[in-house]
Amino acid sequence: MNIKELHTQEKPVSATSLFKSDLGNATAIQILRGGILKEHITKTPALLICMEGEVIFENENGLKVTLMPGDYVNIAPMVKHWVEGTIESQLLLIK
């Protein structure tokens, strides 16, 4: 199995549940070049890991980080953030 197989190539942003448990979950996210995961917040701390590609993560506090394969960012709860794909990218979100 491969994370890429979980997404269609037609959507600029695609998210699908990869794993769920009582203690947390993991979501596979694909962002195509130019795709934007719109501004949103999380109620719980989260970890975003870039598996493949390159994205720009930004938040309302002025943080702007380019994530490349192997890079990650901790996402604080109740802080608006968004992600833009600079090339086709595969991400893993853990909450």
# chains A, B, ... in the order shown; residues from 1 in each chain; ligands from 1

call {"tool": "closest_atom_pairs", "arguments": {"of": "region 11-82 of chain A", "to": "region 3-6 of chain A", "cutoff": "12 Å", "atoms": "only C-alpha atoms", "output": "tab-separated table"}}
result
residue	atom	partner	partner_atom	distance
A:Ser14	CA	A:Leu6	CA	8.9
A:Ala15	CA	A:Leu6	CA	8.6
A:Thr16	CA	A:Leu6	CA	7.1
A:Ser17	CA	A:Leu6	CA	9.2
A:Leu18	CA	A:Ile3	CA	8.5
A:Phe19	CA	A:Ile3	CA	11.9
A:Ala26	CA	A:Ile3	CA	11.7
A:Thr27	CA	A:Ile3	CA	10.0
A:Ala28	CA	A:Ile3	CA	6.8
A:Ile29	CA	A:Ile3	CA	8.7
A:Gln30	CA	A:Lys4	CA	7.7
A:Ile31	CA	A:Lys4	CA	10.8
A:Leu32	CA	A:Lys4	CA	11.6
A:Met51	CA	A:Ile3	CA	9.4
A:Glu52	CA	A:Lys4	CA	9.8
A:Gly53	CA	A:Lys4	CA	11.7

call {"tool": "closest_atom_pairs", "arguments": {"of": "region 36-64 of chain A", "to": "region 77-82 of chain A", "cutoff": "10 Å", "atoms": "only C-alpha atoms", "output": "JSON lines"}}
result
{"residue": "A:Ile36", "atom": "CA", "partner": "A:Trp82", "partner_atom": "CA", "distance": 7.3}
{"residue": "A:Leu37", "atom": "CA", "partner": "A:Trp82", "partner_atom": "CA", "distance": 5.6}
{"residue": "A:Lys38", "atom": "CA", "partner": "A:Trp82", "partner_atom": "CA", "distance": 5.3}
{"residue": "A:Glu39", "atom": "CA", "partner": "A:Trp82", "partner_atom": "CA", "distance": 4.6}
{"residue": "A:His40", "atom": "CA", "partner": "A:Lys80", "partner_atom": "CA", "distance": 5.2}
{"residue": "A:Ile41", "atom": "CA", "partner": "A:Lys80", "partner_atom": "CA", "distance": 4.7}
{"residue": "A:Thr42", "atom": "CA", "partner": "A:Pro77", "partner_atom": "CA", "distance": 5.2}
{"residue": "A:Lys43", "atom": "CA", "partner": "A:Pro77", "partner_atom": "CA", "distance": 5.0}
{"residue": "A:Thr44", "atom": "CA", "partner": "A:Pro77", "partner_atom": "CA", "distance": 5.0}
{"residue": "A:Pro45", "atom": "CA", "partner": "A:Pro77", "partner_atom": "CA", "distance": 5.1}
{"residue": "A:Ala46", "atom": "CA", "partner": "A:Pro77", "partner_atom": "CA", "distance": 7.6}
{"residue": "A:Ile56", "atom": "CA", "partner": "A:Trp82", "partner_atom": "CA", "distance": 8.4}
{"residue": "A:Phe57", "atom": "CA", "partner": "A:Trp82", "partner_atom": "CA", "distance": 6.0}
{"residue": "A:Glu58", "atom": "CA", "partner": "A:Trp82", "partner_atom": "CA", "distance": 5.6}
{"residue": "A:Asn59", "atom": "CA", "partner": "A:His81", "partner_atom": "CA", "distance": 4.0}
{"residue": "A:Glu60", "atom": "CA", "partner": "A:Lys80", "partner_atom": "CA", "distance": 5.4}
{"residue": "A:Asn61", "atom": "CA", "partner": "A:Val79", "partner_atom": "CA", "distance": 7.7}
{"residue": "A:Gly62", "atom": "CA", "partner": "A:His81", "partner_atom": "CA", "distance": 9.7}
{"residue": "A:Leu63", "atom": "CA", "partner": "A:His81", "partner_atom": "CA", "distance": 9.1}
{"residue": "A:Lys64", "atom": "CA", "partner": "A:His81", "partner_atom": "CA", "distance": 9.7}

call {"tool": "residues_around", "arguments": {"residues": "Glu54 (chain A)", "least_positions_apart": "2", "cutoff": "12 Å", "atoms": "only C-alpha atoms", "output": "list of chain:residue names"}}
result
A:Gln30, A:Ile31, A:Leu32, A:Arg33, A:Gly34, A:Gly35, A:Ile49, A:Cys50, A:Met51, A:Glu52, A:Ile56, A:Phe57, A:Val65, A:Thr66, A:Leu67, A:Met68, A:Pro69, A:Gly70, A:Asp71, A:Tyr72, A:Val83, A:Glu84, A:Gly85, A:Thr86, A:Ile87, A:Glu88, A:Ser89, A:Gln90, A:Leu91

call {"tool": "select_by_dssp", "arguments": {"residues": "chain A", "states": "helix (DSSP H, G or I)", "output": "list in words"}}
result
Ile3, Lys4, Glu5 and Leu6 of chain A

call {"tool": "write_last_selection", "arguments": {"atoms": "N, CA and C atoms", "output": "short mmCIF file (atom, residue, chain, number, x, y, z; two decimals), in the first residue's frame"}}
result
data_model
loop_
_atom_site.label_atom_id
_atom_site.label_comp_id
_atom_site.auth_asym_id
_atom_site.auth_seq_id
_atom_site.Cartn_x
_atom_site.Cartn_y
_atom_site.Cartn_z
N ILE A 3 0.59 5.69 0.27
CA ILE A 3 -0.25 6.83 0.62
C ILE A 3 -0.79 7.53 -0.63
N LYS A 4 0.02 7.60 -1.68
CA LYS A 4 -0.42 8.25 -2.92
C LYS A 4 -1.69 7.61 -3.48
N GLU A 5 -1.84 6.32 -3.28
CA GLU A 5 -2.99 5.60 -3.83
C GLU A 5 -4.31 5.98 -3.15
N LEU A 6 -4.25 6.69 -2.05
CA LEU A 6 -5.45 7.08 -1.31
C LEU A 6 -6.14 8.31 -1.91
#

call {"tool": "atom_distance", "arguments": {"atom1": "CA of Lys95 (chain A)", "atom2": "CA of Thr8 (chain A)"}}
result
23.4 Å

call {"tool": "atom_distance", "arguments": {"atom1": "CA of Val73 (chain A)", "atom2": "CA of Glu10 (chain A)"}}
result
26.7 Å

call {"tool": "select_by_dssp", "arguments": {"residues": "region 20-76 of chain A", "states": "strand (DSSP E)", "output": "PyMOL selection string"}}
result
chain A and resi 20+25-31+36-40+46-52+55-59+64-67+72-75

call {"tool": "atom_distance", "arguments": {"atom1": "CA of Lys11 (chain A)", "atom2": "CA of Val55 (chain A)"}}
result
16.0 Å
